[in-house]
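What follows is the content of data22.cif (mmCIF, C-alpha atoms).
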data_query
loop_
_atom_site.label_atom_id
_atom_site.label_comp_id
_atom_site.auth_asym_id
_atom_site.auth_seq_id
_atom_site.Cartn_x
_atom_site.Cartn_y
_atom_site.Cartn_z
CA MET I 1156 66.38 51.91 150.70
CA GLN I 1157 63.69 53.99 149.07
CA GLN I 1158 60.54 52.64 147.45
CA SER I 1159 61.05 52.20 143.70
CA THR I 1160 59.18 53.53 140.71
CA THR I 1161 59.27 50.28 138.77
CA ASN I 1162 55.85 48.96 139.82
CA ALA I 1163 54.58 50.14 136.40
CA VAL I 1164 56.89 47.65 134.66
CA SER I 1165 55.08 44.46 133.73
CA ILE I 1166 55.96 41.27 131.93
CA LYS I 1167 53.70 42.52 129.12
CA LEU I 1168 55.80 45.68 128.66
CA LEU I 1169 59.01 43.68 128.71
CA LEU I 1170 57.63 41.18 126.19
CA GLU I 1171 56.53 43.99 123.87
CA ALA I 1172 60.03 45.46 124.10
CA GLY I 1173 61.63 42.10 123.27
CA ALA I 1174 63.53 42.00 126.55
CA HIS I 1175 63.08 38.22 126.83
CA PHE I 1176 65.12 37.28 123.75
CA GLY I 1177 68.64 36.18 124.60
CA HIS I 1178 71.43 35.10 122.27
CA GLN I 1179 71.85 31.80 120.50
CA ALA I 1180 72.39 28.97 122.95
CA GLY I 1181 75.93 28.43 121.69
CA ARG I 1182 76.92 31.96 122.75
CA TRP I 1183 75.63 31.84 126.31
CA HIS I 1184 77.59 32.43 129.51
CA PRO I 1185 77.06 29.55 131.97
CA LYS I 1186 76.63 31.93 134.91
CA MET I 1187 73.47 33.29 133.24
CA LYS I 1188 71.81 29.90 133.65
CA ARG I 1189 69.82 31.00 136.71
CA TYR I 1190 68.19 33.79 134.69
CA ILE I 1191 67.23 31.67 131.65
CA PHE I 1192 63.65 30.42 131.45
CA ILE I 1193 63.85 28.08 128.45
CA GLN I 1194 65.62 27.41 125.17
CA ARG I 1195 63.46 27.80 122.07
CA ASN I 1196 64.61 27.26 118.48
CA GLY I 1197 68.21 27.52 119.59
CA ILE I 1198 67.60 30.85 121.37
CA HIS I 1199 67.70 31.32 125.13
CA ILE I 1200 64.60 32.98 126.60
CA ILE I 1201 65.17 35.16 129.68
CA ASN I 1202 63.02 34.71 132.78
CA LEU I 1203 61.25 38.09 132.92
CA GLU I 1204 59.92 37.52 136.43
CA GLN I 1205 63.51 37.69 137.61
CA THR I 1206 64.07 40.72 135.40
CA ILE I 1207 61.25 42.59 137.14
CA GLY I 1208 62.53 41.76 140.61
CA LEU I 1209 66.14 42.64 139.85
CA LEU I 1210 65.18 45.82 137.99
CA ASP I 1211 63.20 46.90 141.03
CA LYS I 1212 66.19 46.18 143.28
CA ALA I 1213 68.53 48.17 141.03
CA CYS I 1214 66.11 51.11 140.85
CA ARG I 1215 65.73 51.21 144.63
CA PHE I 1216 69.50 51.32 144.94
CA VAL I 1217 69.73 54.16 142.39
CA THR I 1218 67.07 56.17 144.23
CA ASP I 1219 68.93 55.66 147.50
CA VAL I 1220 72.27 56.78 146.03
CA VAL I 1221 70.77 59.93 144.52
CA ALA I 1222 68.75 60.71 147.66
CA ARG I 1223 72.07 60.77 149.54
CA GLY I 1224 73.52 63.26 147.05
CA GLY I 1225 75.32 60.88 144.68
CA ASP I 1226 75.38 60.92 140.88
CA ILE I 1227 74.69 58.05 138.48
CA LEU I 1228 76.92 57.79 135.41
CA PHE I 1229 75.01 56.35 132.41
CA VAL I 1230 77.19 54.33 130.01
CA GLY I 1231 76.28 52.73 126.68
CA THR I 1232 78.41 53.18 123.57
CA LYS I 1233 76.91 50.51 121.30
CA LYS I 1234 74.72 51.84 118.51
CA GLN I 1235 71.50 50.41 119.99
CA ALA I 1236 72.10 52.23 123.29
CA GLN I 1237 73.51 55.62 122.30
CA GLU I 1238 70.24 57.47 121.81
CA ALA I 1239 68.49 56.07 124.89
CA ILE I 1240 71.50 56.71 127.11
CA GLU I 1241 71.70 60.34 125.98
CA GLN I 1242 67.96 61.03 126.19
CA GLU I 1243 67.38 59.46 129.59
CA ALA I 1244 70.57 60.81 131.18
CA LYS I 1245 69.64 64.32 130.04
CA ARG I 1246 66.06 63.85 131.23
CA CYS I 1247 67.20 63.10 134.77
CA GLY I 1248 70.18 65.48 134.70
CA MET I 1249 72.98 62.94 135.01
CA PRO I 1250 76.34 62.57 133.20
CA TYR I 1251 76.66 59.98 130.47
CA VAL I 1252 79.07 58.32 128.04
CA ASN I 1253 77.61 57.17 124.72
CA GLN I 1254 80.53 57.57 122.31
CA ARG I 1255 83.75 56.16 123.71
CA TRP I 1256 84.85 55.27 127.20
CA ILE I 1257 88.01 57.19 128.09
CA GLY I 1258 90.54 54.99 129.84
CA GLY I 1259 91.17 56.11 133.42
CA MET I 1260 87.84 57.86 133.75
CA LEU I 1261 87.29 56.22 137.14
CA THR I 1262 90.76 54.99 138.06
CA ASN I 1263 92.49 58.27 137.18
CA PHE I 1264 89.66 60.69 137.91
CA LYS I 1265 91.89 63.66 138.83
CA VAL I 1266 93.55 63.69 135.40
CA ILE I 1267 90.20 63.39 133.63
CA GLN I 1268 88.85 66.20 135.80
CA SER I 1269 91.77 68.43 134.80
CA ARG I 1270 90.90 67.86 131.12
CA ILE I 1271 87.28 68.72 131.85
CA ASP I 1272 88.43 71.92 133.56
CA TYR I 1273 90.44 72.78 130.44
CA LEU I 1274 87.38 72.15 128.26
CA VAL I 1275 85.29 74.48 130.43
CA HIS I 1276 88.09 77.07 130.26
CA LEU I 1277 88.13 76.95 126.45
CA GLU I 1278 84.35 77.27 126.31
CA ASP I 1279 84.52 80.28 128.60
CA GLN I 1280 87.15 81.94 126.42
CA LYS I 1281 85.06 81.36 123.32
CA ALA I 1282 81.91 82.71 125.00
CA ARG I 1283 83.78 85.89 125.97
CA GLY I 1284 84.95 86.38 122.38
CA LEU I 1285 88.64 85.96 123.18
CA TYR I 1286 89.23 83.73 120.14
CA HIS I 1287 88.84 86.78 117.88
CA ARG I 1288 91.88 88.40 119.48
CA LEU I 1289 94.14 85.48 118.57
CA PRO I 1290 95.95 84.93 115.26
CA LYS I 1291 93.73 83.02 112.85
CA LYS I 1292 95.88 79.88 112.92
CA GLU I 1293 95.97 79.74 116.72
CA ALA I 1294 92.23 80.41 117.01
CA LEU I 1295 91.53 77.57 114.57
CA LYS I 1296 93.76 75.24 116.59
CA MET I 1297 91.92 76.08 119.82
CA GLU I 1298 88.56 75.59 118.12
CA ARG I 1299 89.59 72.13 116.95
CA THR I 1300 90.80 71.29 120.45
CA LEU I 1301 87.49 72.47 121.87
CA GLN I 1302 85.50 70.35 119.41
CA ARG I 1303 87.64 67.28 120.15
CA LEU I 1304 87.29 67.65 123.91
CA ASN I 1305 83.55 68.19 123.55
CA ARG I 1306 83.23 64.98 121.55
CA GLN I 1307 85.19 63.10 124.19
CA MET I 1308 83.92 64.72 127.39
CA GLY I 1309 81.04 67.04 126.61
CA SER I 1310 78.47 64.55 127.86
CA PHE I 1311 79.97 64.38 131.34
CA LYS I 1312 81.66 67.77 131.75
CA GLU I 1313 79.16 68.60 134.52
CA MET I 1314 80.44 65.63 136.54
CA THR I 1315 82.38 67.55 139.19
CA LYS I 1316 82.56 64.67 141.66
CA PHE I 1317 83.18 60.94 141.64
CA PRO I 1318 80.00 59.07 140.62
CA GLY I 1319 78.06 57.27 143.32
CA ALA I 1320 77.24 54.43 140.92
CA ILE I 1321 77.35 53.54 137.22
CA PHE I 1322 74.59 52.17 134.99
CA ILE I 1323 75.77 50.18 131.96
CA VAL I 1324 74.17 48.77 128.84
CA ASP I 1325 76.06 45.60 127.81
CA PRO I 1326 78.96 44.93 130.20
CA SER I 1327 80.66 42.79 127.53
CA LYS I 1328 80.92 45.84 125.28
CA GLU I 1329 81.84 48.13 128.19
CA ARG I 1330 84.31 45.74 129.83
CA ILE I 1331 86.85 48.53 130.48
CA ALA I 1332 84.21 50.60 132.30
CA VAL I 1333 83.22 47.53 134.35
CA ALA I 1334 86.85 46.78 135.23
CA GLU I 1335 87.52 50.39 136.28
CA ALA I 1336 84.36 50.52 138.37
CA ARG I 1337 85.34 47.33 140.19
CA GLN I 1338 88.86 48.64 140.77
CA ALA I 1339 87.61 52.02 142.00
CA GLY I 1340 84.88 50.50 144.18
CA VAL I 1341 82.01 52.10 142.26
CA PRO I 1342 78.77 50.05 142.42
CA THR I 1343 77.46 48.90 139.04
CA MET I 1344 74.01 48.27 137.59
CA SER I 1345 73.80 46.74 134.15
CA MET I 1346 71.54 45.08 131.62
CA VAL I 1347 72.98 41.57 131.25
CA ASP I 1348 72.17 39.50 128.17
CA THR I 1349 72.68 35.73 128.05
CA ASN I 1350 76.27 36.14 126.82
CA CYS I 1351 77.32 38.25 129.85
CA ASN I 1352 78.85 37.35 133.21
CA PRO I 1353 76.38 38.67 135.82
CA ASP I 1354 78.84 38.04 138.67
CA GLU I 1355 80.87 41.06 137.53
CA ILE I 1356 77.90 43.36 138.17
CA ASP I 1357 76.59 44.42 141.59
CA TYR I 1358 73.00 44.85 140.37
CA PRO I 1359 72.46 42.76 137.22
CA ILE I 1360 69.26 43.22 135.20
CA PRO I 1361 68.67 40.20 132.91
CA SER I 1362 67.49 41.55 129.57
CA ASN I 1363 68.08 41.64 125.86
CA ASP I 1364 70.64 44.44 125.48
CA ASP I 1365 70.47 44.53 121.67
CA ALA I 1366 66.77 45.40 121.25
CA ILE I 1367 66.42 49.19 121.10
CA ARG I 1368 62.97 49.16 122.74
CA ALA I 1369 64.25 47.05 125.64
CA VAL I 1370 67.23 49.35 126.13
CA LYS I 1371 64.96 52.41 126.10
CA LEU I 1372 62.60 50.83 128.63
CA ILE I 1373 65.32 49.91 131.13
CA CYS I 1374 67.11 53.24 130.70
CA SER I 1375 63.86 55.10 131.30
CA LYS I 1376 63.32 53.23 134.56
CA MET I 1377 66.84 54.12 135.69
CA ALA I 1378 66.10 57.78 134.92
CA ASP I 1379 62.79 57.59 136.79
CA ALA I 1380 64.64 56.22 139.82
CA VAL I 1381 67.12 59.11 139.63
CA ILE I 1382 64.30 61.66 139.46
CA GLU I 1383 62.65 60.07 142.48
CA GLY I 1384 65.92 60.23 144.40
CA LYS I 1385 66.35 63.90 143.51
CA ALA I 1386 62.87 64.67 144.82
CA ILE I 1387 63.67 62.93 148.11
CA LEU I 1388 66.96 64.84 148.39
CA ALA I 1389 65.28 68.18 147.65
CA LYS I 1390 62.62 67.50 150.31
CA ALA I 1391 65.28 66.56 152.86
CA GLU I 1392 67.24 69.75 152.13
CA GLU I 1393 64.06 71.81 152.37
CA ASP I 1394 63.20 70.24 155.73
CA ALA I 1395 66.75 70.82 156.98
CA ALA I 1396 66.59 74.48 155.95
CA GLU I 1397 63.24 74.86 157.68
CA ILE I 1398 64.60 73.32 160.88
CA SER I 1399 67.63 75.63 160.76
CA GLY I 1400 65.29 78.58 160.28
CA GLN I 1401 63.18 77.56 163.26
CA GLU I 1402 66.28 77.18 165.42
CA ALA I 1403 67.38 80.68 164.41
CA VAL I 1404 63.95 82.07 165.30
CA GLU I 1405 64.03 80.31 168.67
CA ALA I 1406 67.51 81.66 169.34
CA LEU I 1407 66.34 85.18 168.51
CA GLY I 1408 63.29 84.68 170.71
CA SER I 1409 65.49 84.02 173.73
CA PHE I 1410 67.58 87.12 173.05
CA THR I 1411 66.61 90.25 175.00
CA PHE I 1412 67.20 93.46 173.09
CA VAL I 1413 68.52 96.36 175.14
CA PRO I 1414 68.43 99.81 173.47
CA GLU I 1415 71.74 101.65 173.27
CA GLU I 1416 70.44 104.46 175.53
CA GLU I 1417 69.58 102.00 178.29
CA LYS I 1418 73.01 100.39 177.96
CA LYS I 1419 74.68 103.80 178.40
CA SER I 1420 72.42 104.62 181.35
CA ALA I 1421 73.22 101.29 182.98
CA ASP I 1422 76.94 101.80 182.40
CA THR I 1423 76.73 105.31 183.90
CA GLY I 1424 74.88 104.01 186.95
CA SER I 1425 77.48 101.33 187.50
CA ALA I 1426 80.25 103.90 187.24
CA ASP I 1427 78.51 106.17 189.81
CA GLN I 1428 78.15 103.25 192.20
CA ARG I 1429 81.86 102.45 191.91
CA THR I 1430 82.71 106.13 192.58
CA GLU I 1431 80.51 106.22 195.71
CA LYS I 1432 82.20 103.09 197.05
CA GLN I 1433 85.63 104.61 196.49
CA ASP I 1434 84.55 107.78 198.39
#

Write the structure described by the file as structure tokens, please.
Amino acid sequence: MQQSTTNAVSIKLLLEAGAHFGHQAGRWHPKMKRYIFIQRNGIHIINLEQTIGLLDKACRFVTDVVARGGDILFVGTKKQAQEAIEQEAKRCGMPYVNQRWIGGMLTNFKVIQSRIDYLVHLEDQKARGLYHRLPKKEALKMERTLQRLNRQMGSFKEMTKFPGAIFIVDPSKERIAVAEARQAGVPTMSMVDTNCNPDEIDYPIPSNDDAIRAVKLICSKMADAVIEGKAILAKAEEDAAEISGQEAVEALGSFTFVPEEEKKSADTGSADQRTEKQD
């Protein structure tokens, strides 16, 4: 795996973001016990040392996936996550879902892809001014369809292939996305608060998933890891292109160019020799 970008994350930053505050002790999930530092005033406090280590592990995995050409799907539909998910996914150029998870998005990807293709088709028609040629009622209907599809799928319409992994804010809220990812075999990274089951996530990141600053911080680190992976991929592709170019040059270097006149002369000489032998 690649080296991560999370060395800038400190316990101080996490504390300032409120990442250590869990839920009330009565709402905890027993499997989160190993990530809880202490209970204070009826609130579970998350062990941020584990958060740092597991965040680093998740980021290294993200970088590795992207460096191999995979995409990361960012998912967070709760109010506290919507803005951060959109901003950070756009910053690193990855698809995202921050409004509503569409059932079958991973388990029925071909059907979802066909709807995305239809959305792109409608956008193309509108851009070319074809709506103006339609009757007013039909044009209005198509415009409404376009707006609806954009609300549902506009944030991930560039996702032309199955995601290499999925990053989630609050797996309890996004339980359908988690279930589909597990069924489809898509690796998951997720912020897990003290009321979550971390065993359902491949790369859990113990953290308060209700504090906006904490969500922004973790999302930004995921985006940084994506950007790092893209840089590694671009360098690898550049090196591969350079090697291919060198091989082409070497192949040309071993090729001896014979002018057309010399070829004809050689062919004529060979023909004369064959004639003399026949005589």

_Residues near Thr1206 in chain I, anyone? I mean within 8 Å using all atoms listed in the file, not counting same-chain ones fewer than 4 positions away, as an MDAnalysis selection string._
chainID I and resid 1202 1210 1360:1362

Output of the above residues as a PDB file, in the coordinates of the input, restricted to C-alpha atoms:
ATOM      1  CA  ASN I1202      63.020  34.710 132.780  1.00  0.00           C
ATOM      2  CA  LEU I1210      65.180  45.820 137.990  1.00  0.00           C
ATOM      3  CA  ILE I1360      69.260  43.220 135.200  1.00  0.00           C
ATOM      4  CA  PRO I1361      68.670  40.200 132.910  1.00  0.00           C
ATOM      5  CA  SER I1362      67.490  41.550 129.570  1.00  0.00           C
TER       6      SER I1362
END

List the residues selected by the PyMOL selection byres ((chain I and resi 1378-1392) around 6) in the file shown, writing them as an mmCIF file with C-alpha atoms, keeping the file's coordinate frame.
data_model
loop_
_atom_site.group_PDB
_atom_site.id
_atom_site.type_symbol
_atom_site.label_atom_id
_atom_site.label_comp_id
_atom_site.auth_asym_id
_atom_site.auth_seq_id
_atom_site.Cartn_x
_atom_site.Cartn_y
_atom_site.Cartn_z
ATOM 1 C CA CYS I 1214 66.110 51.110 140.850
ATOM 2 C CA THR I 1218 67.070 56.170 144.230
ATOM 3 C CA VAL I 1221 70.770 59.930 144.520
ATOM 4 C CA ALA I 1222 68.750 60.710 147.660
ATOM 5 C CA GLU I 1243 67.380 59.460 129.590
ATOM 6 C CA CYS I 1247 67.200 63.100 134.770
ATOM 7 C CA SER I 1375 63.860 55.100 131.300
ATOM 8 C CA LYS I 1376 63.320 53.230 134.560
ATOM 9 C CA MET I 1377 66.840 54.120 135.690
ATOM 10 C CA GLU I 1393 64.060 71.810 152.370
ATOM 11 C CA ASP I 1394 63.200 70.240 155.730
ATOM 12 C CA ALA I 1395 66.750 70.820 156.980
#

*Ground truth for the PyMOL selection byres ((chain I and resi 1338-1355) around 7), written as a ChimeraX atom specification*: /I:1177-1178,1182-1184,1186-1187,1213,1261-1262,1319-1327,1334-1337,1356-1364

*CA of Ala1369 in chain I to CA of Ala1174 in chain I, straight-line distance in Å*: 5.2 Å

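The gap separating CA of His1175 in chain I from CA of Ile1191 in chain I is 9.1 Å, in Å to one decimal.
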
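Interatomic distance, CA of Gly1259 in chain I to CA of Ala1236 in chain I: 21.9 Å.
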
Atom completion result for range 1170-1206 of chain I (N, CA and C atoms) as a short mmCIF file (atom, residue, chain, number, x, y, z; two decimals), in the coordinates of the input:
data_model
loop_
_atom_site.label_atom_id
_atom_site.label_comp_id
_atom_site.auth_asym_id
_atom_site.auth_seq_id
_atom_site.Cartn_x
_atom_site.Cartn_y
_atom_site.Cartn_z
N LEU I 1170 57.83 42.03 127.37
CA LEU I 1170 57.63 41.18 126.19
C LEU I 1170 57.51 42.03 124.93
N GLU I 1171 56.72 43.10 125.02
CA GLU I 1171 56.53 43.99 123.87
C GLU I 1171 57.85 44.63 123.43
N ALA I 1172 58.74 44.85 124.41
CA ALA I 1172 60.03 45.46 124.10
C ALA I 1172 61.05 44.43 123.61
N GLY I 1173 60.70 43.15 123.70
CA GLY I 1173 61.63 42.10 123.27
C GLY I 1173 62.73 41.83 124.26
N ALA I 1174 62.49 42.17 125.53
CA ALA I 1174 63.53 42.00 126.55
C ALA I 1174 63.83 40.54 126.86
N HIS I 1175 62.92 39.64 126.47
CA HIS I 1175 63.08 38.22 126.83
C HIS I 1175 63.99 37.45 125.88
N PHE I 1176 64.29 37.99 124.72
CA PHE I 1176 65.12 37.28 123.75
C PHE I 1176 66.60 37.37 124.11
N GLY I 1177 67.21 36.22 124.37
CA GLY I 1177 68.64 36.18 124.60
C GLY I 1177 69.38 35.88 123.31
N HIS I 1178 70.63 35.45 123.44
CA HIS I 1178 71.43 35.10 122.27
C HIS I 1178 71.23 33.62 121.92
N GLN I 1179 71.86 33.21 120.86
CA GLN I 1179 71.85 31.80 120.50
C GLN I 1179 72.48 30.99 121.62
N ALA I 1180 71.96 29.79 121.82
CA ALA I 1180 72.39 28.97 122.95
C ALA I 1180 73.90 28.73 122.95
N GLY I 1181 74.49 28.67 121.77
CA GLY I 1181 75.93 28.43 121.69
C GLY I 1181 76.78 29.59 122.17
N ARG I 1182 76.17 30.77 122.34
CA ARG I 1182 76.92 31.96 122.75
C ARG I 1182 76.69 32.33 124.21
N TRP I 1183 76.02 31.49 124.95
CA TRP I 1183 75.63 31.84 126.31
C TRP I 1183 76.81 31.81 127.28
N HIS I 1184 76.63 32.51 128.40
CA HIS I 1184 77.59 32.43 129.51
C HIS I 1184 76.96 31.55 130.58
N PRO I 1185 77.64 30.50 131.01
CA PRO I 1185 77.06 29.55 131.97
C PRO I 1185 76.51 30.18 133.24
N LYS I 1186 77.10 31.30 133.67
CA LYS I 1186 76.63 31.93 134.91
C LYS I 1186 75.29 32.65 134.73
N MET I 1187 74.80 32.72 133.49
CA MET I 1187 73.47 33.29 133.24
C MET I 1187 72.38 32.23 133.35
N LYS I 1188 72.77 31.01 133.63
CA LYS I 1188 71.81 29.90 133.65
C LYS I 1188 70.62 30.18 134.57
N ARG I 1189 70.89 30.77 135.73
CA ARG I 1189 69.82 31.00 136.71
C ARG I 1189 68.79 32.03 136.24
N TYR I 1190 69.12 32.78 135.19
CA TYR I 1190 68.19 33.79 134.69
C TYR I 1190 67.50 33.36 133.39
N ILE I 1191 67.81 32.15 132.91
CA ILE I 1191 67.23 31.67 131.65
C ILE I 1191 66.01 30.81 131.92
N PHE I 1192 64.91 31.13 131.25
CA PHE I 1192 63.65 30.42 131.45
C PHE I 1192 63.59 29.13 130.63
N ILE I 1193 63.97 29.23 129.36
CA ILE I 1193 63.85 28.08 128.45
C ILE I 1193 64.70 28.33 127.21
N GLN I 1194 64.97 27.27 126.47
CA GLN I 1194 65.62 27.41 125.17
C GLN I 1194 64.60 27.08 124.09
N ARG I 1195 64.46 28.00 123.13
CA ARG I 1195 63.46 27.80 122.07
C ARG I 1195 64.09 28.10 120.71
N ASN I 1196 64.04 27.12 119.83
CA ASN I 1196 64.61 27.26 118.48
C ASN I 1196 66.07 27.73 118.51
N GLY I 1197 66.79 27.19 119.47
CA GLY I 1197 68.21 27.52 119.59
C GLY I 1197 68.50 28.86 120.23
N ILE I 1198 67.46 29.54 120.72
CA ILE I 1198 67.60 30.85 121.37
C ILE I 1198 67.23 30.73 122.84
N HIS I 1199 68.04 31.31 123.71
CA HIS I 1199 67.70 31.32 125.13
C HIS I 1199 66.66 32.40 125.41
N ILE I 1200 65.66 32.05 126.20
CA ILE I 1200 64.60 32.98 126.60
C ILE I 1200 64.82 33.36 128.07
N ILE I 1201 64.89 34.65 128.33
CA ILE I 1201 65.17 35.16 129.68
C ILE I 1201 63.92 35.10 130.55
N ASN I 1202 64.10 34.76 131.81
CA ASN I 1202 63.02 34.71 132.78
C ASN I 1202 62.67 36.15 133.21
N LEU I 1203 61.59 36.68 132.68
CA LEU I 1203 61.25 38.09 132.92
C LEU I 1203 60.75 38.35 134.33
N GLU I 1204 60.30 37.33 135.03
CA GLU I 1204 59.92 37.52 136.43
C GLU I 1204 61.15 37.92 137.24
N GLN I 1205 62.27 37.30 136.93
CA GLN I 1205 63.51 37.69 137.61
C GLN I 1205 63.95 39.09 137.17
N THR I 1206 63.72 39.39 135.91
CA THR I 1206 64.07 40.72 135.40
C THR I 1206 63.34 41.80 136.19
#
